[in-house]
Structure formats: C-alpha cells, structure tokens
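Text of the file my_file12.txt, holding compact mmCIF, C-alpha atoms:
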```txt
# COMPACT_ATOMS: atom_id res chain seq x y z
CA GLY A 25 0.00 0.00 0.00
CA ALA A 26 0.85 3.67 0.11
CA VAL A 27 -0.47 5.16 3.31
CA VAL A 28 -0.07 8.76 4.33
CA SER A 29 -1.15 9.95 7.75
CA GLN A 30 -1.73 13.41 9.16
CA HIS A 31 -1.78 14.59 12.73
CA PRO A 32 -3.81 16.11 14.18
CA SER A 33 -6.99 15.46 12.26
CA TRP A 34 -8.82 18.34 13.92
CA VAL A 35 -7.44 21.35 15.78
CA ILE A 36 -8.96 24.45 17.31
CA CYS A 37 -6.70 27.28 18.38
CA LYS A 38 -6.85 30.87 19.46
CA SER A 39 -5.96 33.69 17.13
CA GLY A 40 -2.27 34.53 17.34
CA THR A 41 -1.06 31.06 18.24
CA SER A 42 0.92 28.68 16.04
CA VAL A 43 -0.23 25.27 14.94
CA LYS A 44 1.91 22.42 13.63
CA ILE A 45 0.52 19.75 11.32
CA GLU A 46 2.46 16.57 10.64
CA CYS A 47 2.37 14.52 7.45
CA ARG A 48 3.91 11.05 7.45
CA SER A 49 4.36 8.43 4.78
CA LEU A 50 3.87 5.22 6.75
CA ASP A 51 5.02 2.49 4.38
CA PHE A 52 7.22 4.23 1.86
CA GLN A 53 9.90 6.86 1.66
CA ALA A 54 9.07 10.16 0.05
CA THR A 55 11.56 12.76 -0.95
CA THR A 56 8.75 14.96 -2.17
CA MET A 57 5.56 15.89 -0.37
CA PHE A 58 2.92 18.47 -1.14
CA TRP A 59 0.69 20.68 0.99
CA TYR A 60 -2.77 21.70 -0.19
CA ARG A 61 -5.52 23.84 1.19
CA GLN A 62 -9.20 23.20 0.55
CA PHE A 63 -12.03 25.58 1.38
CA PRO A 64 -15.56 24.19 1.81
CA LYS A 65 -17.06 22.89 -1.41
CA GLN A 66 -14.02 23.96 -3.36
CA SER A 67 -11.13 22.26 -5.05
CA LEU A 68 -7.64 21.67 -3.73
CA MET A 69 -5.13 24.47 -4.08
CA LEU A 70 -1.45 23.67 -3.92
CA MET A 71 0.34 25.71 -1.28
CA ALA A 72 3.86 24.35 -1.51
CA THR A 73 6.09 21.50 -2.56
CA SER A 74 8.27 20.08 0.16
CA ASN A 75 11.54 18.33 -0.58
CA GLU A 76 13.53 16.47 2.04
CA GLY A 77 16.64 18.31 3.08
CA SER A 78 15.92 21.48 1.15
CA LYS A 79 13.71 24.53 1.28
CA ALA A 80 10.12 24.21 0.24
CA THR A 81 8.87 25.77 -2.97
CA TYR A 82 5.84 27.95 -2.35
CA GLU A 83 3.10 28.78 -4.80
CA GLN A 84 2.49 32.37 -5.76
CA GLY A 85 0.48 34.17 -3.11
CA VAL A 86 1.37 31.81 -0.27
CA GLU A 87 3.27 33.52 2.53
CA LYS A 88 6.30 31.38 3.32
CA ASP A 89 6.85 33.12 6.65
CA LYS A 90 3.32 32.30 7.71
CA PHE A 91 3.22 28.72 6.48
CA LEU A 92 6.50 27.18 7.54
CA ILE A 93 7.32 23.84 6.00
CA ASN A 94 10.01 21.49 7.24
CA HIS A 95 10.78 18.19 5.54
CA ALA A 96 13.33 16.80 7.95
CA SER A 97 13.19 13.14 6.99
CA LEU A 98 12.11 10.88 4.15
CA THR A 99 8.86 10.09 5.93
CA LEU A 100 7.90 13.34 7.65
CA SER A 101 6.95 16.82 6.55
CA THR A 102 5.47 19.43 8.85
CA LEU A 103 3.41 22.53 8.16
CA THR A 104 3.37 25.20 10.84
CA VAL A 105 0.78 27.92 10.61
CA THR A 106 2.33 30.79 12.51
CA SER A 107 0.29 33.49 14.25
CA ALA A 108 -2.90 31.92 13.00
CA HIS A 109 -5.93 34.09 12.29
CA PRO A 110 -9.54 33.17 11.57
CA GLU A 111 -8.96 33.49 7.83
CA ASP A 112 -6.46 30.64 8.10
CA SER A 113 -9.29 28.32 9.10
CA SER A 114 -9.43 25.66 6.43
CA PHE A 115 -8.85 22.02 5.57
CA TYR A 116 -5.18 21.24 5.00
CA ILE A 117 -4.18 18.15 3.07
CA CYS A 118 -0.77 16.71 2.41
CA SER A 119 0.29 14.21 -0.20
CA ALA A 120 3.42 12.27 -0.99
CA ILE A 121 4.95 10.47 -3.92
CA ARG A 122 7.06 7.37 -3.74
CA GLY A 123 10.67 7.69 -4.63
CA LEU A 124 13.92 9.16 -3.60
CA THR A 125 14.96 11.11 -6.65
CA GLY A 126 13.25 14.33 -5.67
CA LEU A 127 11.94 14.59 -9.18
CA TRP A 128 8.30 14.26 -9.99
CA GLY A 129 7.24 13.00 -13.37
CA GLY A 130 3.54 12.59 -12.86
CA GLU A 131 3.56 9.66 -10.50
CA THR A 132 0.52 9.15 -8.34
CA GLN A 133 0.21 11.37 -5.31
CA TYR A 134 -1.02 9.60 -2.19
CA PHE A 135 -3.02 11.83 0.06
CA GLY A 136 -3.32 12.09 3.80
CA PRO A 137 -6.74 12.26 5.49
CA GLY A 138 -6.48 16.00 6.04
CA THR A 139 -6.45 18.34 9.04
CA ARG A 140 -9.31 20.66 9.87
CA LEU A 141 -8.06 23.89 11.41
CA LEU A 142 -10.39 26.29 13.15
CA VAL A 143 -8.93 29.54 14.44
CA LEU A 144 -11.08 31.40 16.93
CA ALA B 3 -1.95 28.18 -18.67
CA GLN B 4 -3.05 24.69 -17.88
CA THR B 5 -6.66 24.42 -16.78
CA VAL B 6 -9.04 21.62 -15.92
CA THR B 7 -12.79 22.07 -16.36
CA GLN B 8 -15.54 19.94 -14.88
CA SER B 9 -18.80 21.31 -16.23
CA GLN B 10 -21.11 19.19 -14.07
CA PRO B 11 -21.20 20.49 -10.48
CA GLU B 12 -23.61 17.72 -9.46
CA MET B 13 -24.72 14.40 -10.90
CA SER B 14 -27.09 11.71 -9.73
CA VAL B 15 -27.30 8.04 -10.63
CA GLN B 16 -29.45 5.11 -9.59
CA GLU B 17 -27.76 2.25 -7.86
CA ALA B 18 -26.51 -0.38 -10.36
CA GLU B 19 -26.73 2.10 -13.25
CA THR B 20 -23.91 3.71 -15.21
CA VAL B 21 -22.85 7.33 -15.01
CA THR B 22 -20.27 9.39 -16.89
CA LEU B 23 -18.51 12.38 -15.42
CA SER B 24 -17.04 14.92 -17.82
CA CYS B 25 -13.65 16.58 -17.74
CA THR B 26 -11.85 18.74 -20.26
CA TYR B 27 -8.43 20.26 -19.96
CA ASP B 28 -6.20 22.69 -21.72
CA THR B 29 -2.49 22.12 -22.16
CA SER B 30 0.22 22.88 -24.67
CA GLU B 31 2.25 19.83 -23.71
CA SER B 32 2.22 16.55 -25.57
CA ASP B 33 3.27 14.41 -22.63
CA TYR B 34 1.28 14.60 -19.42
CA TYR B 35 -0.81 12.60 -16.98
CA LEU B 36 -4.47 12.73 -16.06
CA PHE B 37 -6.11 11.56 -12.87
CA TRP B 38 -9.50 11.05 -11.32
CA TYR B 39 -9.61 11.33 -7.54
CA LYS B 40 -12.58 10.59 -5.31
CA GLN B 41 -13.25 12.52 -2.12
CA PRO B 42 -15.98 10.93 0.02
CA PRO B 43 -17.55 12.72 3.00
CA SER B 44 -14.53 11.74 5.09
CA ARG B 45 -12.57 14.08 2.77
CA GLN B 46 -9.83 11.50 2.23
CA MET B 47 -8.63 11.84 -1.38
CA ILE B 48 -8.55 8.45 -3.07
CA LEU B 49 -7.03 7.74 -6.48
CA VAL B 50 -9.61 6.28 -8.83
CA ILE B 51 -7.69 6.06 -12.06
CA ARG B 52 -4.58 7.40 -13.79
CA GLN B 53 -3.96 7.85 -17.51
CA GLU B 54 -0.69 8.53 -19.27
CA ALA B 55 -1.21 10.77 -22.29
CA TYR B 56 1.15 8.82 -24.52
CA LYS B 57 -0.95 5.69 -24.09
CA GLN B 58 -3.84 5.46 -26.51
CA GLN B 59 -5.53 2.70 -24.56
CA ASN B 60 -8.09 3.92 -22.06
CA ALA B 61 -7.29 3.09 -18.43
CA THR B 62 -9.66 0.87 -16.49
CA GLU B 63 -9.92 -0.12 -12.83
CA ASN B 64 -12.69 -2.60 -12.16
CA ARG B 65 -15.97 -0.66 -12.50
CA PHE B 66 -14.18 2.56 -13.39
CA SER B 67 -13.01 3.40 -16.90
CA VAL B 68 -12.07 6.50 -18.79
CA ASN B 69 -12.70 7.79 -22.28
CA PHE B 70 -9.51 9.63 -23.13
CA GLN B 71 -9.77 11.76 -26.26
CA LYS B 72 -6.39 13.45 -26.61
CA ALA B 73 -7.19 15.57 -29.63
CA ALA B 74 -10.35 16.86 -27.99
CA LYS B 75 -8.57 17.20 -24.63
CA SER B 76 -11.33 15.27 -22.96
CA PHE B 77 -11.03 12.77 -20.11
CA SER B 78 -14.38 11.47 -18.91
CA LEU B 79 -14.90 8.90 -16.16
CA LYS B 80 -17.45 6.13 -16.49
CA ILE B 81 -18.68 4.36 -13.39
CA SER B 82 -20.51 1.12 -14.11
CA ASP B 83 -22.82 -0.74 -11.74
CA SER B 84 -22.88 2.26 -9.40
CA GLN B 85 -22.82 1.50 -5.69
CA LEU B 86 -23.87 3.58 -2.69
CA GLY B 87 -20.22 3.83 -1.70
CA ASP B 88 -19.45 5.63 -4.94
CA ALA B 89 -21.22 8.72 -3.64
CA ALA B 90 -18.52 11.36 -3.35
CA MET B 91 -16.94 14.42 -4.89
CA TYR B 92 -14.91 13.48 -7.94
CA PHE B 93 -11.99 15.60 -9.04
CA CYS B 94 -10.29 15.46 -12.40
CA ALA B 95 -6.64 16.50 -12.34
CA HIS B 96 -3.84 17.14 -14.83
CA TYR B 97 -0.08 16.95 -14.42
CA GLY B 98 2.34 18.43 -16.91
CA GLY B 99 6.07 18.90 -16.71
CA ALA B 100 5.85 22.60 -17.53
CA THR B 101 4.05 23.42 -14.29
CA ASN B 102 5.23 20.36 -12.40
CA LYS B 103 2.14 20.33 -10.23
CA LEU B 104 -1.27 18.74 -10.12
CA ILE B 105 -4.02 21.03 -11.39
CA PHE B 106 -7.47 20.08 -10.14
CA GLY B 107 -10.87 20.74 -11.61
CA THR B 108 -13.68 22.16 -9.50
CA GLY B 109 -15.19 18.75 -8.88
CA THR B 110 -18.44 16.91 -9.53
CA LEU B 111 -20.58 15.84 -6.61
CA LEU B 112 -22.05 12.41 -7.36
CA ALA B 113 -25.13 11.19 -5.54
CA VAL B 114 -26.15 7.54 -5.76
CA GLN B 115 -29.84 6.85 -5.27
CA PRO B 116 -30.89 3.48 -3.83
```

Would you mind writing the structure in this file as structure tokens?
Amino acid sequence: GAVVSQHPSWVICKSGTSVKIECRSLDFQATTMFWYRQFPKQSLMLMATSNEGSKATYEQGVEKDKFLINHASLTLSTLTVTSAHPEDSSFYICSAIRGLTGLWGGETQYFGPGTRLLVL
Amino acid sequence: AQTVTQSQPEMSVQEAETVTLSCTYDTSESDYYLFWYKQPPSRQMILVIRQEAYKQQNATENRFSVNFQKAAKSFSLKISDSQLGDAAMYFCAHYGGATNKLIFGTGTLLAVQP
C-alpha cells in the first residue's frame, strides 16, 4: 500500500497562536511531499512543494513566513501555521509520492486524510 | 496556462446504473498525466484512475473506466454498476512537466440513489 497519515486530524486554536501539522508516509519513503488547502465545497489548491533536506517551494500568493514547511526526513513533513488568524481556518491536506529522486514526473500522489483547522 | 474544467457540479445516478462524469483540460504539452480522484464525506482523497497521455488505450480499474480523447482534450470517467459507496466528490486532475504540479478541476458531486 501507500499510506499517508496526518496529525492532528482536527485542531482548534486561538488567534495569534501557532499550529503544527504533521504529514507522514507510513510504508514508503518520500523525498517529495505536497501541501494543499481546501475551502468548503471547493477544489484543492497547492500551497507548496516540500523536498527532504531542502527549502520548500511555495506557490504564488502563499506567505512562506506564515506557512513554515520542514521536511526533515524521508517520511515526515510538517506545516506550521504561525500566528494563526480566523482566515487561516481551512482544511489542510498533504500528499506524498514514492521515490527518492526528488523529481516528480507525474507519479501518483497519495493523500493524507487531512487536518481541519479552526482559528477562533 | 493549464486548466481543468468539470462542467457538471452535481450528478445523480441510480444504484446499479452507469454514469459518466465529464472533464476537459487545456495544455500545450504533448506528454502529461491525467487523474481522477474521489473525495468521500470523510474528505480522504482516493485515487480512482490514472492515464498517461502517450498511451492510446483507455485506463480501467474494475468498474471505473475513462474515455480519453487526446485531440479533444477530454477525459471522462465512467462508473458502471454504481454502488452507494461511490457517492462522493470526484476531481479530475492534470499533471504536466511545464508546471510540475497537479491542477485540479472544480469537482463533480455524485449522488447515488438506492
């Protein structure tokens, strides 16, 4: 299989605090992981591409200082939402691709179950 | 720019019947990949089917098959013998080397009536 987990699945925090979301590939190694954001009844929007051992590549319009990504190992990437505000409330989904090359040629992305963030 | 269009926001099908979900895309590349993902109420994204553009043969996975028309840039998903568990949001997605990312359509919400 190709299982990706996320933790926590559901988090509520106060405005101004930081929240860390973990994404793990459980049964495969993944040099490359992706972070998406999904608003209710909308599609997935790519936020950033995370590569193990290097800096993440952020999509246009995504604040890299607000959404900190760390891909410290071949099975773990973390997304930290710093100084969260109510507008950051959303559903965050990670995905991973098998392989150690760091290159992506259209292989299947395996998705985590998502994390619901509510900022009060 | 690469775009993916799903023109059917909602569809409904009777259990055991067949339904086809539409998807069109725009790309200037000749080599790319197309995907259908399913997102049930749990919101877990599940791969349904993957098609490589250089392959003329339509991909199939059990009850799921695609009609890939490269010249028309069309990639529809056919679900045969629909089951209650097929009820979900279905997203069509395109990958091309120029953007190096997965571009999703807006999704089609499929309801399955018993």

Using 7 Å as the limit and counting all atoms listed in the file, can you tabulate each residue of chain B that touches chain A, with its shortest atom-to-atom distance in Å and the two atoms involved, as CSV?
```
residue,atom,partner,partner_atom,distance
B:Tyr35,CA,A:Gly130,CA,6.0
B:Arg45,CA,A:Pro137,CA,6.7
B:Gln46,CA,A:Pro137,CA,4.6
B:Met47,CA,A:Phe135,CA,5.8
B:Tyr97,CA,A:Gly130,CA,5.9
B:Gly99,CA,A:Gly129,CA,6.9
B:Phe106,CA,A:Leu68,CA,6.6
B:Gly107,CA,A:Ser67,CA,6.7
B:Thr108,CA,A:Ser67,CA,5.1
B:Gly109,CA,A:Ser67,CA,6.6
```

Subject >> Which of B:Thr22, B:Thr29, B:Ser9, B:Asn69 sits closest to B:Thr101 [using all atoms listed in the file] >> reply: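 Closest residue, counting all atoms listed in the file: B:Thr29.
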
**OP:** Tell me, as a list in words, which residues lie within 9 Å of A:Tyr116, counting all atoms listed in the file; anything in the same chain fewer than 5 positions away does not count.
**Re:**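 Close residues of A:Tyr116: Ile45, Trp59, Tyr60, Arg61, Gln62, Phe63, Gly138, Thr139, Arg140 and Leu141 of chain A.
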
**OP:** Tell me, in Å to one decimal, how far atom CA of A:Thr104 is from atom CA of A:Phe91.
**Re:**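 That distance, rounded to one decimal, is 5.6 Å.
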
Original post:
By how many Å are atom CA of A:Ser114 and atom CA of B:Gly87 apart?
Top reply: 25.7 Å

Subject >> For A:His109: contacts at 12 Å, all atoms listed in the file, fewer than 5 positions along chain excluded, given as a list in words >> reply: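 What passes the distance filter is Ile36, Cys37, Lys38, Ser39, Gly40, Thr41, Ser42, Val43, Lys90, Ser114, Leu141, Leu142, Val143 and Leu144 of chain A.
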
Only C-alpha atoms, please: the residues just picked out, written as a short mmCIF file (atom, residue, chain, number, x, y, z; two decimals), in the frame of the given file.
```
data_model
loop_
_atom_site.label_atom_id
_atom_site.label_comp_id
_atom_site.auth_asym_id
_atom_site.auth_seq_id
_atom_site.Cartn_x
_atom_site.Cartn_y
_atom_site.Cartn_z
CA ILE A 36 -8.96 24.45 17.31
CA CYS A 37 -6.70 27.28 18.38
CA LYS A 38 -6.85 30.87 19.46
CA SER A 39 -5.96 33.69 17.13
CA GLY A 40 -2.27 34.53 17.34
CA THR A 41 -1.06 31.06 18.24
CA SER A 42 0.92 28.68 16.04
CA VAL A 43 -0.23 25.27 14.94
CA LYS A 90 3.32 32.30 7.71
CA SER A 114 -9.43 25.66 6.43
CA LEU A 141 -8.06 23.89 11.41
CA LEU A 142 -10.39 26.29 13.15
CA VAL A 143 -8.93 29.54 14.44
CA LEU A 144 -11.08 31.40 16.93
#
```

Subject >> Separation of atom CA of A:Ser33 from atom CA of A:Cys47, in Å and rounded to one decimal >> reply: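 One can read the atom CA of A:Ser33 to atom CA of A:Cys47 distance as 10.6 Å.
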
Original post:
Need the neighbours of (-21.2, 5.4, -3.0): which residues are at most 12 Å away, counting all atoms listed in the file, as a PyMOL selection string?
Top reply: chain B and resi 14-18+40-43+81-92+111-116

Original post:
Of the residues B:Gln8, B:Lys80, B:Thr26, B:Tyr34, which is the one nearest to B:Lys103, using all atoms listed in the file?
Top reply: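 Once distances to B:Lys103 are computed over all atoms listed in the file, the minimum belongs to B:Tyr34.
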
Original post:
Hey, can you pull every residue with an atom no more than 12 Å from (-7.3, 11.4, -24.3), using only C-alpha atoms, and send it as an NGL selection string?
Top reply: :B and (25-29 or 32-37 or 52-61 or 68-79 or 96)

Original post:
Nearest to A:Ala108 among A:Leu50, A:Met71, A:Val27, A:Leu92, with distances taken over all atoms listed in the file: which residue is it?
Top reply: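 Looking at the shortest contact to A:Ala108, the residue is A:Leu92.
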